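Encoded as structure tokens, the structure appears first; notes follow it.
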Amino acid sequence: MHDLHALDGFEDALIERFRAHPVLANVTGLPEGDFAALLLQRRFVSLAFTPSYDLAIDLLRDEAGLRIARVILREEYPDGHGHTPSHREDMTRDMRRLGISRSDLVASRPTAGTQEVIRDTLELIADAGGHADADLRLLTILRFWGEVLVSVEYGRLWERMAPLLTEEGRNRSRFYYPHHVHDAKTHSLATVSLLSGSHSDRLAARVTELLAQEESTERFRELEERALRLKTRFYDQFLPAVDRLAV
């Protein structure tokens, strides 16, 4: 049996490395233009969330993992009758409240760095599907790349957004803060269960069961590190904004 407490320590160290990225750690001080540019680029990564999940679902063979992934994906579009905005529309609404106009959205295009990160994310998922332990690999990627680290980055961004999206003591965010909460790792790998509520924890329950069938945790660790590198590379393109703060 693998030492899940040791894996938790490894994973938590990766999370703290991400939280400490200079762009995320200094997000409250970024100039308005740089923060807006970051959100506009992050929107393109968010738009790639659903095709990434769809690709993983195409390649998954584990029925329990498939069911969890399907439920999470369907939550992105909460109303089959078209009366309720999708999560992506909620994101745009939050952005508008943060001062980003429709014309800003119209003019925005993904940078080469953003395009590369999206392409490499899809490649990571596609490659994972070609291995004998594809189910473990795919669910590990979905959980850490698509849920755990998303919660971490939105938590950091919320530090900057909170004053603008809180009115009369009420949280008005429809996308960033709710995703920070429901994507989060709220239980350790050693204590998680299918009864845990967050997306990360639901996936973790199945990931730990699949890990128990493996001789080594090497692939789990490797894929979490690769997911972190993808997330870090996205924010690296905004390091010049942090450098300007020091001038």
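In the structure tokens, chains take the letters A, B, ... in the order shown, each chain's residues start at 1, and ligands count up from 1 in the order shown.
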(message) Give me the residues near A:Phe10 as a list in words, where near means some atom within 12 Å (using only C-alpha atoms) and where sequence neighbours in that chain fewer than 3 positions away do not count.
(response)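 Returned residues: Asp3, Leu4, His5, Ala6, Leu7, Ala13, Leu14, Ile15, Glu16, Arg17, Ser188, Leu189, Thr217, Glu218, Phe220, Arg221, Glu222, Glu224 and Glu225 of chain A.
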With C-alpha atoms retained, could you export that selection as a PDB file, in the first residue's frame?
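Just written: result-v2.pdb:
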ATOM      1  CA  ASP A   3       2.014   6.054   1.675  1.00  0.00           C
ATOM      2  CA  LEU A   4      -0.742   8.529   0.823  1.00  0.00           C
ATOM      3  CA  HIS A   5       0.435  10.929   3.507  1.00  0.00           C
ATOM      4  CA  ALA A   6       3.786  11.181   1.711  1.00  0.00           C
ATOM      5  CA  LEU A   7       1.964  11.793  -1.577  1.00  0.00           C
ATOM      6  CA  ALA A  13       4.558  21.282  -1.928  1.00  0.00           C
ATOM      7  CA  LEU A  14       3.659  21.624  -5.622  1.00  0.00           C
ATOM      8  CA  ILE A  15       0.585  23.656  -4.690  1.00  0.00           C
ATOM      9  CA  GLU A  16       2.663  26.026  -2.585  1.00  0.00           C
ATOM     10  CA  ARG A  17       5.161  26.421  -5.414  1.00  0.00           C
ATOM     11  CA  SER A 188      -6.092  14.800   1.954  1.00  0.00           C
ATOM     12  CA  LEU A 189      -5.528  11.886  -0.394  1.00  0.00           C
ATOM     13  CA  THR A 217       3.474   6.349  -7.573  1.00  0.00           C
ATOM     14  CA  GLU A 218       6.084   7.572 -10.042  1.00  0.00           C
ATOM     15  CA  PHE A 220       1.267  10.204 -10.489  1.00  0.00           C
ATOM     16  CA  ARG A 221       4.129  12.404  -9.303  1.00  0.00           C
ATOM     17  CA  GLU A 222       5.459  12.940 -12.823  1.00  0.00           C
ATOM     18  CA  GLU A 224       1.394  16.409 -11.366  1.00  0.00           C
ATOM     19  CA  GLU A 225       4.772  18.031 -11.965  1.00  0.00           C
TER      20      GLU A 225
END
(message) Using only C-alpha atoms for the distances, tell me which of A:Gly29, A:Gly113, A:Gly197, A:Gly146 is nearest to A:Asp236.
(response)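 Using only C-alpha atoms, A:Asp236 sits closest to A:Gly113.
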With stretch 39-47 of chain A as the partner and 10 Å as the cut-off, tabulate the residues of stretch 71-110 of chain A that qualify, each row holding the nearest pair of atoms and their distance in Å to one decimal, using only C-alpha atoms, sorted by chain and rising number, as a Markdown table.
| residue | atom | partner | partner_atom | distance |
| --- | --- | --- | --- | --- |
| A:His87 | CA | A:Ser46 | CA | 9.7 |
| A:Arg88 | CA | A:Leu47 | CA | 7.2 |
| A:Met91 | CA | A:Arg43 | CA | 7.9 |
| A:Thr92 | CA | A:Arg43 | CA | 8.3 |
| A:Met95 | CA | A:Leu39 | CA | 7.7 |
| A:Leu98 | CA | A:Leu39 | CA | 9.8 |
| A:Ile100 | CA | A:Leu40 | CA | 8.5 |
| A:Asp104 | CA | A:Leu40 | CA | 8.2 |
| A:Leu105 | CA | A:Leu40 | CA | 7.2 |
| A:Ala107 | CA | A:Leu40 | CA | 9.9 |
| A:Ser108 | CA | A:Leu40 | CA | 6.7 |
| A:Arg109 | CA | A:Gln41 | CA | 7.7 |
| A:Pro110 | CA | A:Gln41 | CA | 6.0 |
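Note that the spacing between atom CA of A:Leu165 and atom CA of A:Gly99 amounts to 10.8 Å.
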(request) Would you list, as a VMD selection string, the residues of stretch 24-244 of chain A that end up in strand (DSSP E) under DSSP run on this structure's backbone? (result) chain A and resid 166 to 167 170 to 171
Written file, previous selection with N, CA and C atoms, as a PDB file, in the first residue's frame:
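Listing of part.pdb after writing:
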ATOM      1  N   THR A 166     -17.444  42.390  -4.472  1.00  0.00           N
ATOM      2  CA  THR A 166     -18.172  42.312  -3.209  1.00  0.00           C
ATOM      3  C   THR A 166     -18.895  43.633  -2.999  1.00  0.00           C
ATOM      4  N   GLU A 167     -20.205  43.579  -2.878  1.00  0.00           N
ATOM      5  CA  GLU A 167     -21.009  44.784  -2.711  1.00  0.00           C
ATOM      6  C   GLU A 167     -21.914  44.631  -1.490  1.00  0.00           C
ATOM      7  N   ARG A 170     -21.834  41.428   0.207  1.00  0.00           N
ATOM      8  CA  ARG A 170     -22.287  40.241  -0.509  1.00  0.00           C
ATOM      9  C   ARG A 170     -21.339  39.924  -1.664  1.00  0.00           C
ATOM     10  N   ASN A 171     -20.963  38.675  -1.760  1.00  0.00           N
ATOM     11  CA  ASN A 171     -20.090  38.208  -2.839  1.00  0.00           C
ATOM     12  C   ASN A 171     -20.907  38.118  -4.129  1.00  0.00           C
TER      13      ASN A 171
END
(message) So that I can check the surroundings of A:Arg137, please list as a PyMOL selection string every protein, DNA and RNA residue that reaches within 8 Å of it, counting only C-alpha atoms and ignoring chain neighbours fewer than 3 positions away.
(response) chain A and resi 128-129+133-134+140-141+219-220+223
Keeping only N, CA, C and O atoms, take the residues you just selected and write them out as an mmCIF file, in the first residue's frame.
data_model
loop_
_atom_site.group_PDB
_atom_site.id
_atom_site.type_symbol
_atom_site.label_atom_id
_atom_site.label_comp_id
_atom_site.auth_asym_id
_atom_site.auth_seq_id
_atom_site.Cartn_x
_atom_site.Cartn_y
_atom_site.Cartn_z
ATOM 1 N N ALA A 128 -1.393 10.608 -22.493
ATOM 2 C CA ALA A 128 -1.773 9.788 -21.340
ATOM 3 C C ALA A 128 -2.686 8.644 -21.746
ATOM 4 O O ALA A 128 -2.633 7.548 -21.178
ATOM 5 N N GLY A 129 -3.534 8.886 -22.759
ATOM 6 C CA GLY A 129 -4.475 7.859 -23.179
ATOM 7 C C GLY A 129 -3.840 6.672 -23.865
ATOM 8 O O GLY A 129 -4.500 5.641 -24.047
ATOM 9 N N ASP A 133 -1.727 2.295 -18.145
ATOM 10 C CA ASP A 133 -2.355 2.885 -16.955
ATOM 11 C C ASP A 133 -3.037 4.205 -17.314
ATOM 12 O O ASP A 133 -3.030 5.155 -16.526
ATOM 13 N N ALA A 134 -3.659 4.242 -18.494
ATOM 14 C CA ALA A 134 -4.270 5.479 -18.998
ATOM 15 C C ALA A 134 -5.288 6.066 -18.035
ATOM 16 O O ALA A 134 -5.359 7.289 -17.875
ATOM 17 N N THR A 140 -5.622 11.715 -13.041
ATOM 18 C CA THR A 140 -4.638 12.531 -12.327
ATOM 19 C C THR A 140 -4.511 13.902 -12.975
ATOM 20 O O THR A 140 -4.493 14.932 -12.293
ATOM 21 N N ILE A 141 -4.453 13.926 -14.311
ATOM 22 C CA ILE A 141 -4.345 15.199 -15.035
ATOM 23 C C ILE A 141 -5.600 16.042 -14.832
ATOM 24 O O ILE A 141 -5.516 17.242 -14.521
ATOM 25 N N ARG A 219 4.359 7.693 -11.788
ATOM 26 C CA ARG A 219 3.605 8.366 -12.854
ATOM 27 C C ARG A 219 2.715 9.472 -12.288
ATOM 28 O O ARG A 219 2.588 10.535 -12.896
ATOM 29 N N PHE A 220 2.091 9.190 -11.147
ATOM 30 C CA PHE A 220 1.267 10.204 -10.489
ATOM 31 C C PHE A 220 2.089 11.455 -10.209
ATOM 32 O O PHE A 220 1.678 12.577 -10.532
ATOM 33 N N LEU A 223 3.154 13.295 -13.537
ATOM 34 C CA LEU A 223 2.083 14.018 -14.215
ATOM 35 C C LEU A 223 1.669 15.266 -13.440
ATOM 36 O O LEU A 223 1.331 16.285 -14.045
#
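Checking A:Leu245, A:Leu59, A:Ile125, A:Leu211 one by one against A:Arg226, counting only C-alpha atoms, you find the shortest gap at A:Ile125.
Closest approach to A:Glu75 from the set A:Asp243, A:Leu228, A:Thr50, A:Gly33 is made by A:Thr50, with distances taken over only C-alpha atoms.
Each of A:Asp8, A:Asp183, A:Ser173, A:Ala56 was checked against A:Asp127 using only C-alpha atoms; the smallest atom-to-atom distance is that of A:Ala56.
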(request) Please measure the separation of atom CA of A:Val152 and atom CA of A:Arg19, giving the value in Å to one decimal. (result) 6.6 Å
(request) Using only C-alpha atoms, pick whichever of A:Leu239, A:Val117, A:Ile72, A:Ala64 has the shortest atom-to-atom distance to A:Glu209. (result) A:Ala64
(request) Write out as a ChimeraX atom specification all residues of stretch 38-223 of chain A that backbone DSSP assigns to alpha helix (DSSP H). (result) /A:38-47,49-59,63-75,87-97,102-107,112-128,134-143,149-165,176-182,199-211,218-223
(message) Calculated over only C-alpha atoms, which of the candidates A:Ala190, A:Ala36, A:Leu30, A:Leu60 has the smallest distance to A:Gly9?
(response)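 Counting only C-alpha atoms, the residue closest to A:Gly9 is A:Ala190.
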